[in-house]
Amino acid sequence: MSNPLHYAPRPLSLEEIVLSVVDHNAVELPRISEADVADYVALLKPRVMSLVVFTALVGLVIAPGHFHPVLAFTSLLCIAVGAGASGALNMWYECDLDALMSRTANRPIPRGRITAPEAAAFGTTLAFFSIMTLGILVNWLAGALLAFTIFFYVVIYTMVLKRWTAQNIVIGGAAGALPPVVAWAAATGSLSVEPFLLFLIIFFWTPPHFWALALFRSDDYARAGIPMLPVVAGPDATRLQILLYTIMLVVVAFAPWPLGYFDAAYGVTSLLLGGGMLALAIDVYRRREGREASRATRRLFAFSILYLFALFSILPIEVAVRAVARSIW
Amino acid sequence: MAGVTMVDKEEQTGIVLTEAQKRSRRRRSIATALALGVLVALFFAVTLVKGPAVLVRPL
């Protein structure tokens with residue numbers, strides 16, 4: 001009687017050996033990518049990138065002194081590519097979560113167009129070249145700040161905060177607020193109060209903007225297990241936090257005018273836009289049920305984008321008007 | 001003899017890309033070339049703009 005614990009393989013025929021080698025080779029063959037350029041562009045998060053470029057452009061324009069257009073273009077390009085690198089590395093690390101959420105399931109990695117290692121290599125390469133190019137061609141303060149921004153977004157926000165705390169987007173919002181500071185450093189080679197005012201505006205703008213989105217996407221976040229505030233603390237607590245952060249945003253955005261950093265046109269615009277933002281945040285706080293609540297949240301989300309765009313647009317206009325006035329008188 | 005030649009031919013063929021794979025690889029190659037071209041042009045332009053000061057990089 002044979003021992004059942006003893007495994008004696010039967011000898012393979014020549015045909016079976018050849019087939020097993022062929023099968024093995026089939027497994028070992030490198031995957032041939034069919035990824036298109038558009039898939040790699042999608043990895044850069046172009047919409048986020050456009051906001052980064054816009055806020056950085058404002059930082060460049062309001063910086064004092066002359067900055068050569070070629071250097072300004074180089075700075076903007078490096079900041080844009082650095083932001084894109086952050087997006088690609090974010091998609092690499094979060095590909096498991098992206099596959100679970102309807103908002104992100106169509107991204108290149110969950111769709112199978114690009115593998116996670118390909119995205120990681122792409123993001124790392126872009127991050128390296130954007131930092132080095134900004135450092136070598138413009139200045140190393142800007143290069144270091146860009147490196148810190150990418151590090152903060154990828155490591156602190158994506159890898160640590162996002163899956164760990166409901167305050168993820170509050171602290172992580174610092175990464176999105178840094179581009180005007182990087183741009184100012186590129187233009188002047190130093191830092192000052194003005195870029196930090198822009199930083200604070202974006203920093204306090206981020207929570208109402210993202211929590212408004214999270215309110216009508218909370219099912220998505222819950223499915224992926226991301227501890228966004230509406231998932232962890234509930235929609236009512238989120239509505240209160242949106243209102244509180246909006247009040248802080250309105251105050252912080254208005255302060256540069258009385259403090260003498262920006263002009264009256266900015267001050268009046270910030271009051272008008274802040275009034276609109278506050279009214280919509282109050283609306284979100286009051287309407288808590290049904291379609292009306294959903295509509296109020298979507299309105300606040302949409303208006304928050306317009307708010308930041310309009311508020312930051314007025315600063316270069318002020319600079320231009322001041323320059324024209326100087327040339328006339 | 002003829003059999004050996006056929007085996008050699010098969011080995012030389014290796015991985016055969018589909019038309020879609022070839023097209024996407026070509027587009028990726030062009031995009032990479034353009035990106036490198038932009039990088040070279042950027043360094044050249046900044047060298048012209050900065051002149052001798054190109055080596056002065058304040059911290």
# chains A, B, ... in the order shown; residues from 1 in each chain; ligands from 1

$ residues_around --residues "range 50-53 of chain B" --least-positions-apart "3" --cutoff "12 Å" --atoms "only C-alpha atoms" --output "ChimeraX atom specification"
/A:67-71,136-138 /B:43-47,56-58

$ closest_atom_pairs --of "chain A" --to "chain B" --cutoff "10 Å" --atoms "only C-alpha atoms" --output "Markdown table"
| residue | atom | partner | partner_atom | distance |
| --- | --- | --- | --- | --- |
| A:Leu29 | CA | B:Ile15 | CA | 8.6 |
| A:Pro30 | CA | B:Ile15 | CA | 9.4 |
| A:Ile32 | CA | B:Gln21 | CA | 7.3 |
| A:Ser33 | CA | B:Gln21 | CA | 6.8 |
| A:Glu34 | CA | B:Gln21 | CA | 5.1 |
| A:Ala35 | CA | B:Ser24 | CA | 6.3 |
| A:Asp36 | CA | B:Ser24 | CA | 5.2 |
| A:Val37 | CA | B:Arg28 | CA | 5.7 |
| A:Ala38 | CA | B:Arg28 | CA | 9.5 |
| A:Tyr40 | CA | B:Arg28 | CA | 9.1 |
| A:His68 | CA | B:Val49 | CA | 7.9 |
| A:Pro69 | CA | B:Val49 | CA | 9.6 |
| A:Val70 | CA | B:Val46 | CA | 6.7 |
| A:Leu71 | CA | B:Val46 | CA | 6.8 |
| A:Phe73 | CA | B:Leu42 | CA | 9.3 |
| A:Thr74 | CA | B:Leu42 | CA | 7.2 |
| A:Phe129 | CA | B:Leu39 | CA | 9.3 |
| A:Thr133 | CA | B:Phe43 | CA | 8.5 |
| A:Gly135 | CA | B:Arg57 | CA | 8.2 |
| A:Ile136 | CA | B:Arg57 | CA | 7.2 |
| A:Leu137 | CA | B:Val46 | CA | 6.7 |
| A:Val138 | CA | B:Arg57 | CA | 7.3 |
| A:Asn139 | CA | B:Arg57 | CA | 5.6 |
| A:Trp140 | CA | B:Leu59 | CA | 5.3 |
| A:Leu141 | CA | B:Leu59 | CA | 5.6 |
| A:Ala142 | CA | B:Leu59 | CA | 8.9 |
| A:Gly143 | CA | B:Leu59 | CA | 9.6 |
| A:Ala144 | CA | B:Leu59 | CA | 9.5 |
| A:Gly189 | CA | B:Pro58 | CA | 7.2 |
| A:Ser190 | CA | B:Leu59 | CA | 8.6 |

$ write_last_selection --atoms "C-alpha atoms" --output "PDB file, in the first residue's frame"
ATOM      1  CA  LEU A  29       6.373  37.496 -21.877  1.00  0.00           C
ATOM      2  CA  PRO A  30       6.442  41.247 -21.254  1.00  0.00           C
ATOM      3  CA  ILE A  32       2.834  45.048 -24.593  1.00  0.00           C
ATOM      4  CA  SER A  33       1.348  48.435 -23.779  1.00  0.00           C
ATOM      5  CA  GLU A  34      -1.440  49.850 -25.893  1.00  0.00           C
ATOM      6  CA  ALA A  35      -1.545  53.030 -23.823  1.00  0.00           C
ATOM      7  CA  ASP A  36      -2.033  56.133 -25.894  1.00  0.00           C
ATOM      8  CA  VAL A  37      -0.647  59.610 -25.249  1.00  0.00           C
ATOM      9  CA  ALA A  38      -4.128  60.607 -24.048  1.00  0.00           C
ATOM     10  CA  TYR A  40      -0.667  59.499 -20.025  1.00  0.00           C
ATOM     11  CA  HIS A  68      11.994  87.553 -18.067  1.00  0.00           C
ATOM     12  CA  PRO A  69       9.120  85.937 -20.014  1.00  0.00           C
ATOM     13  CA  VAL A  70      11.256  82.899 -20.920  1.00  0.00           C
ATOM     14  CA  LEU A  71      12.018  82.307 -17.248  1.00  0.00           C
ATOM     15  CA  PHE A  73       7.319  80.322 -18.970  1.00  0.00           C
ATOM     16  CA  THR A  74       9.943  77.874 -17.674  1.00  0.00           C
ATOM     17  CA  PHE A 129      12.844  66.608 -14.288  1.00  0.00           C
ATOM     18  CA  THR A 133      14.813  72.038 -14.370  1.00  0.00           C
ATOM     19  CA  GLY A 135      16.250  74.521  -9.767  1.00  0.00           C
ATOM     20  CA  ILE A 136      18.879  74.728 -12.505  1.00  0.00           C
ATOM     21  CA  LEU A 137      17.202  77.226 -14.828  1.00  0.00           C
ATOM     22  CA  VAL A 138      15.372  79.482 -12.348  1.00  0.00           C
ATOM     23  CA  ASN A 139      16.490  79.140  -8.722  1.00  0.00           C
ATOM     24  CA  TRP A 140      16.861  76.466  -6.075  1.00  0.00           C
ATOM     25  CA  LEU A 141      14.430  78.020  -3.585  1.00  0.00           C
ATOM     26  CA  ALA A 142      11.641  77.505  -6.132  1.00  0.00           C
ATOM     27  CA  GLY A 143      13.009  74.030  -6.965  1.00  0.00           C
ATOM     28  CA  ALA A 144      13.047  73.046  -3.280  1.00  0.00           C
ATOM     29  CA  GLY A 189      14.257  84.281  -5.372  1.00  0.00           C
ATOM     30  CA  SER A 190      12.779  84.987  -1.929  1.00  0.00           C
TER      31      SER A 190
END

$ closest_residue --among "A:Phe199, A:Phe216, A:Phe254, A:Trp164" --to "Val232 in chain A" --atoms "only C-alpha atoms"
A:Trp164

$ residues_around --residues "range 287-293 of chain A" --least-positions-apart "5" --cutoff "12 Å" --atoms "only C-alpha atoms" --output "list of chain:residue names"
A:Ala212, A:Leu215, A:Phe216, A:Gly234, A:Pro235, A:Asp236, A:Ala237, A:Thr238, A:Arg239, A:Leu240, A:Leu280, A:Ala281, A:Ile282, A:Arg298, A:Arg299, A:Leu300

$ write_last_selection --atoms "C-alpha atoms" --output "PDB file, in the first residue's frame"
ATOM      1  CA  ALA A 212     -19.267  69.974  -0.917  1.00  0.00           C
ATOM      2  CA  LEU A 215     -21.375  65.386   0.384  1.00  0.00           C
ATOM      3  CA  PHE A 216     -22.838  64.334  -2.946  1.00  0.00           C
ATOM      4  CA  GLY A 234     -22.068  62.450   8.930  1.00  0.00           C
ATOM      5  CA  PRO A 235     -23.562  65.045   6.558  1.00  0.00           C
ATOM      6  CA  ASP A 236     -24.811  67.437   9.267  1.00  0.00           C
ATOM      7  CA  ALA A 237     -21.396  67.798  10.916  1.00  0.00           C
ATOM      8  CA  THR A 238     -19.916  68.307   7.448  1.00  0.00           C
ATOM      9  CA  ARG A 239     -22.434  71.076   6.692  1.00  0.00           C
ATOM     10  CA  LEU A 240     -21.411  72.863   9.900  1.00  0.00           C
ATOM     11  CA  LEU A 280     -24.482  79.301  -0.530  1.00  0.00           C
ATOM     12  CA  ALA A 281     -22.752  77.761   2.515  1.00  0.00           C
ATOM     13  CA  ILE A 282     -25.684  78.877   4.715  1.00  0.00           C
ATOM     14  CA  ARG A 298     -23.786  71.182  -6.055  1.00  0.00           C
ATOM     15  CA  ARG A 299     -24.339  74.947  -6.300  1.00  0.00           C
ATOM     16  CA  LEU A 300     -21.741  75.601  -3.601  1.00  0.00           C
TER      17      LEU A 300
END

$ residues_around --residues "Phe128 in chain A" --least-positions-apart "6" --cutoff "9 Å" --atoms "only C-alpha atoms" --output "PyMOL selection string"
chain A and resi 82+85+147

$ closest_residue --among "A:Arg322, A:Phe312, A:Leu213, A:Ile156" --to "Arg295 in chain A" --atoms "only C-alpha atoms"
A:Leu213

$ atom_distance --atom1 "CA of Glu118 in chain A" --atom2 "CA of Leu36 in chain B"
18.7 Å

$ select_by_dssp --residues "range 57-141 of chain A" --states "helix (DSSP H, G or I)" --output "count of residues only"
59

$ residues_around --residues "His209 in chain A" --least-positions-apart "5" --cutoff "9 Å" --atoms "only C-alpha atoms" --output "list in words"
Ala214, Ile242, Leu300, Phe301, Ala302, Phe303, Ser304 and Ile305 of chain A

$ write_last_selection --atoms "C-alpha atoms" --output "mmCIF file, in the first residue's frame"
data_model
loop_
_atom_site.group_PDB
_atom_site.id
_atom_site.type_symbol
_atom_site.label_atom_id
_atom_site.label_comp_id
_atom_site.auth_asym_id
_atom_site.auth_seq_id
_atom_site.Cartn_x
_atom_site.Cartn_y
_atom_site.Cartn_z
ATOM 1 C CA ALA A 214 -17.779 64.727 -0.747
ATOM 2 C CA ILE A 242 -18.355 73.851 5.537
ATOM 3 C CA LEU A 300 -21.741 75.601 -3.601
ATOM 4 C CA PHE A 301 -19.259 73.262 -5.293
ATOM 5 C CA ALA A 302 -19.681 74.978 -8.671
ATOM 6 C CA PHE A 303 -19.578 78.483 -7.175
ATOM 7 C CA SER A 304 -16.427 77.701 -5.168
ATOM 8 C CA ILE A 305 -14.536 77.159 -8.451
#

$ closest_atom_pairs --of "range 72-188 of chain A" --to "range 54-60 of chain A" --cutoff "10 Å" --atoms "only C-alpha atoms" --output "tab-separated table"
residue	atom	partner	partner_atom	distance
A:Ala72	CA	A:Leu60	CA	7.3
A:Phe73	CA	A:Leu57	CA	9.4
A:Ser75	CA	A:Leu60	CA	8.9
A:Leu76	CA	A:Ala56	CA	6.9
A:Ile79	CA	A:Ala56	CA	7.7
A:Ala80	CA	A:Ala56	CA	8.8
A:Gly176	CA	A:Thr55	CA	9.6
A:Ala177	CA	A:Thr55	CA	8.5
A:Leu178	CA	A:Ala56	CA	8.5
A:Pro179	CA	A:Ala56	CA	5.1
A:Pro180	CA	A:Ala56	CA	4.2
A:Val181	CA	A:Gly59	CA	6.7
A:Val182	CA	A:Ala56	CA	7.4
A:Ala183	CA	A:Leu60	CA	5.3
A:Trp184	CA	A:Gly59	CA	5.2
A:Ala185	CA	A:Leu60	CA	8.7
A:Ala186	CA	A:Leu60	CA	7.8
A:Ala187	CA	A:Leu60	CA	6.1
A:Thr188	CA	A:Leu60	CA	8.9

$ decode --residues "range 217-257 of chain A" --atoms "N, CA and C atoms" --output "PDB file, in the first residue's frame"
ATOM      1  N   ARG A 217     -20.907  62.825  -3.050  1.00  0.00           N
ATOM      2  CA  ARG A 217     -20.200  61.616  -3.483  1.00  0.00           C
ATOM      3  C   ARG A 217     -19.892  60.712  -2.290  1.00  0.00           C
ATOM      4  N   SER A 218     -20.607  60.911  -1.186  1.00  0.00           N
ATOM      5  CA  SER A 218     -20.229  60.193   0.037  1.00  0.00           C
ATOM      6  C   SER A 218     -20.365  58.677  -0.114  1.00  0.00           C
ATOM      7  N   ASP A 219     -21.307  58.216  -0.944  1.00  0.00           N
ATOM      8  CA  ASP A 219     -21.459  56.759  -1.160  1.00  0.00           C
ATOM      9  C   ASP A 219     -20.190  56.182  -1.785  1.00  0.00           C
ATOM     10  N   ASP A 220     -19.675  56.934  -2.756  1.00  0.00           N
ATOM     11  CA  ASP A 220     -18.446  56.534  -3.438  1.00  0.00           C
ATOM     12  C   ASP A 220     -17.301  56.386  -2.440  1.00  0.00           C
ATOM     13  N   TYR A 221     -17.137  57.422  -1.603  1.00  0.00           N
ATOM     14  CA  TYR A 221     -16.040  57.409  -0.630  1.00  0.00           C
ATOM     15  C   TYR A 221     -16.237  56.296   0.401  1.00  0.00           C
ATOM     16  N   ALA A 222     -17.485  56.077   0.814  1.00  0.00           N
ATOM     17  CA  ALA A 222     -17.764  55.016   1.797  1.00  0.00           C
ATOM     18  C   ALA A 222     -17.428  53.648   1.214  1.00  0.00           C
ATOM     19  N   ARG A 223     -17.764  53.444  -0.076  1.00  0.00           N
ATOM     20  CA  ARG A 223     -17.485  52.161  -0.740  1.00  0.00           C
ATOM     21  C   ARG A 223     -15.977  51.892  -0.780  1.00  0.00           C
ATOM     22  N   ALA A 224     -15.217  52.962  -0.986  1.00  0.00           N
ATOM     23  CA  ALA A 224     -13.760  52.800  -1.083  1.00  0.00           C
ATOM     24  C   ALA A 224     -13.092  52.805   0.297  1.00  0.00           C
ATOM     25  N   GLY A 225     -13.884  53.109   1.350  1.00  0.00           N
ATOM     26  CA  GLY A 225     -13.327  53.110   2.707  1.00  0.00           C
ATOM     27  C   GLY A 225     -12.456  54.319   3.001  1.00  0.00           C
ATOM     28  N   ILE A 226     -12.685  55.416   2.273  1.00  0.00           N
ATOM     29  CA  ILE A 226     -11.904  56.639   2.524  1.00  0.00           C
ATOM     30  C   ILE A 226     -12.629  57.449   3.604  1.00  0.00           C
ATOM     31  N   PRO A 227     -11.924  57.806   4.683  1.00  0.00           N
ATOM     32  CA  PRO A 227     -12.606  58.482   5.797  1.00  0.00           C
ATOM     33  C   PRO A 227     -12.860  59.969   5.549  1.00  0.00           C
ATOM     34  N   MET A 228     -13.619  60.264   4.506  1.00  0.00           N
ATOM     35  CA  MET A 228     -13.984  61.670   4.272  1.00  0.00           C
ATOM     36  C   MET A 228     -14.967  62.095   5.366  1.00  0.00           C
ATOM     37  N   LEU A 229     -15.005  63.393   5.633  1.00  0.00           N
ATOM     38  CA  LEU A 229     -15.807  63.888   6.763  1.00  0.00           C
ATOM     39  C   LEU A 229     -17.280  63.435   6.715  1.00  0.00           C
ATOM     40  N   PRO A 230     -17.962  63.504   5.558  1.00  0.00           N
ATOM     41  CA  PRO A 230     -19.370  63.055   5.548  1.00  0.00           C
ATOM     42  C   PRO A 230     -19.526  61.575   5.894  1.00  0.00           C
ATOM     43  N   VAL A 231     -18.506  60.760   5.566  1.00  0.00           N
ATOM     44  CA  VAL A 231     -18.570  59.322   5.860  1.00  0.00           C
ATOM     45  C   VAL A 231     -18.346  59.085   7.353  1.00  0.00           C
ATOM     46  N   VAL A 232     -17.376  59.810   7.924  1.00  0.00           N
ATOM     47  CA  VAL A 232     -16.977  59.578   9.315  1.00  0.00           C
ATOM     48  C   VAL A 232     -17.894  60.303  10.304  1.00  0.00           C
ATOM     49  N   ALA A 233     -18.145  61.596  10.039  1.00  0.00           N
ATOM     50  CA  ALA A 233     -18.893  62.414  11.020  1.00  0.00           C
ATOM     51  C   ALA A 233     -20.346  62.637  10.605  1.00  0.00           C
ATOM     52  N   GLY A 234     -20.686  62.274   9.384  1.00  0.00           N
ATOM     53  CA  GLY A 234     -22.068  62.450   8.930  1.00  0.00           C
ATOM     54  C   GLY A 234     -22.261  63.767   8.191  1.00  0.00           C
ATOM     55  N   PRO A 235     -23.335  63.857   7.392  1.00  0.00           N
ATOM     56  CA  PRO A 235     -23.562  65.045   6.558  1.00  0.00           C
ATOM     57  C   PRO A 235     -23.821  66.326   7.356  1.00  0.00           C
ATOM     58  N   ASP A 236     -24.497  66.223   8.494  1.00  0.00           N
ATOM     59  CA  ASP A 236     -24.811  67.437   9.267  1.00  0.00           C
ATOM     60  C   ASP A 236     -23.551  68.090   9.830  1.00  0.00           C
ATOM     61  N   ALA A 237     -22.669  67.268  10.399  1.00  0.00           N
ATOM     62  CA  ALA A 237     -21.396  67.798  10.916  1.00  0.00           C
ATOM     63  C   ALA A 237     -20.589  68.402   9.777  1.00  0.00           C
ATOM     64  N   THR A 238     -20.650  67.785   8.609  1.00  0.00           N
ATOM     65  CA  THR A 238     -19.916  68.307   7.448  1.00  0.00           C
ATOM     66  C   THR A 238     -20.462  69.674   7.040  1.00  0.00           C
ATOM     67  N   ARG A 239     -21.803  69.793   7.060  1.00  0.00           N
ATOM     68  CA  ARG A 239     -22.434  71.076   6.692  1.00  0.00           C
ATOM     69  C   ARG A 239     -21.971  72.194   7.636  1.00  0.00           C
ATOM     70  N   LEU A 240     -21.871  71.869   8.921  1.00  0.00           N
ATOM     71  CA  LEU A 240     -21.411  72.863   9.900  1.00  0.00           C
ATOM     72  C   LEU A 240     -19.957  73.252   9.617  1.00  0.00           C
ATOM     73  N   GLN A 241     -19.125  72.244   9.349  1.00  0.00           N
ATOM     74  CA  GLN A 241     -17.706  72.514   9.053  1.00  0.00           C
ATOM     75  C   GLN A 241     -17.560  73.349   7.784  1.00  0.00           C
ATOM     76  N   ILE A 242     -18.390  73.065   6.781  1.00  0.00           N
ATOM     77  CA  ILE A 242     -18.355  73.851   5.537  1.00  0.00           C
ATOM     78  C   ILE A 242     -18.642  75.315   5.858  1.00  0.00           C
ATOM     79  N   LEU A 243     -19.664  75.534   6.688  1.00  0.00           N
ATOM     80  CA  LEU A 243     -20.041  76.908   7.042  1.00  0.00           C
ATOM     81  C   LEU A 243     -18.911  77.604   7.808  1.00  0.00           C
ATOM     82  N   LEU A 244     -18.315  76.913   8.776  1.00  0.00           N
ATOM     83  CA  LEU A 244     -17.245  77.510   9.589  1.00  0.00           C
ATOM     84  C   LEU A 244     -16.021  77.851   8.727  1.00  0.00           C
ATOM     85  N   TYR A 245     -15.650  76.912   7.860  1.00  0.00           N
ATOM     86  CA  TYR A 245     -14.481  77.173   6.996  1.00  0.00           C
ATOM     87  C   TYR A 245     -14.782  78.276   5.981  1.00  0.00           C
ATOM     88  N   THR A 246     -16.033  78.383   5.544  1.00  0.00           N
ATOM     89  CA  THR A 246     -16.388  79.453   4.606  1.00  0.00           C
ATOM     90  C   THR A 246     -16.268  80.811   5.289  1.00  0.00           C
ATOM     91  N   ILE A 247     -16.711  80.896   6.554  1.00  0.00           N
ATOM     92  CA  ILE A 247     -16.573  82.164   7.307  1.00  0.00           C
ATOM     93  C   ILE A 247     -15.083  82.536   7.416  1.00  0.00           C
ATOM     94  N   MET A 248     -14.259  81.546   7.750  1.00  0.00           N
ATOM     95  CA  MET A 248     -12.813  81.811   7.854  1.00  0.00           C
ATOM     96  C   MET A 248     -12.242  82.225   6.503  1.00  0.00           C
ATOM     97  N   LEU A 249     -12.722  81.570   5.437  1.00  0.00           N
ATOM     98  CA  LEU A 249     -12.252  81.917   4.088  1.00  0.00           C
ATOM     99  C   LEU A 249     -12.578  83.362   3.748  1.00  0.00           C
ATOM    100  N   VAL A 250     -13.808  83.781   4.043  1.00  0.00           N
ATOM    101  CA  VAL A 250     -14.234  85.148   3.713  1.00  0.00           C
ATOM    102  C   VAL A 250     -13.365  86.167   4.457  1.00  0.00           C
ATOM    103  N   VAL A 251     -13.090  85.888   5.727  1.00  0.00           N
ATOM    104  CA  VAL A 251     -12.258  86.804   6.538  1.00  0.00           C
ATOM    105  C   VAL A 251     -10.825  86.846   5.994  1.00  0.00           C
ATOM    106  N   VAL A 252     -10.255  85.658   5.767  1.00  0.00           N
ATOM    107  CA  VAL A 252      -8.862  85.571   5.287  1.00  0.00           C
ATOM    108  C   VAL A 252      -8.725  86.222   3.901  1.00  0.00           C
ATOM    109  N   ALA A 253      -9.731  86.028   3.057  1.00  0.00           N
ATOM    110  CA  ALA A 253      -9.668  86.585   1.694  1.00  0.00           C
ATOM    111  C   ALA A 253      -9.839  88.101   1.710  1.00  0.00           C
ATOM    112  N   PHE A 254     -10.570  88.620   2.676  1.00  0.00           N
ATOM    113  CA  PHE A 254     -10.794  90.069   2.741  1.00  0.00           C
ATOM    114  C   PHE A 254      -9.602  90.795   3.386  1.00  0.00           C
ATOM    115  N   ALA A 255      -8.947  90.150   4.342  1.00  0.00           N
ATOM    116  CA  ALA A 255      -7.901  90.782   5.163  1.00  0.00           C
ATOM    117  C   ALA A 255      -6.795  91.498   4.379  1.00  0.00           C
ATOM    118  N   PRO A 256      -6.307  90.969   3.243  1.00  0.00           N
ATOM    119  CA  PRO A 256      -5.193  91.646   2.554  1.00  0.00           C
ATOM    120  C   PRO A 256      -5.485  93.093   2.158  1.00  0.00           C
ATOM    121  N   TRP A 257      -6.765  93.428   1.950  1.00  0.00           N
ATOM    122  CA  TRP A 257      -7.080  94.823   1.573  1.00  0.00           C
ATOM    123  C   TRP A 257      -6.854  95.781   2.754  1.00  0.00           C
TER     124      TRP A 257
END
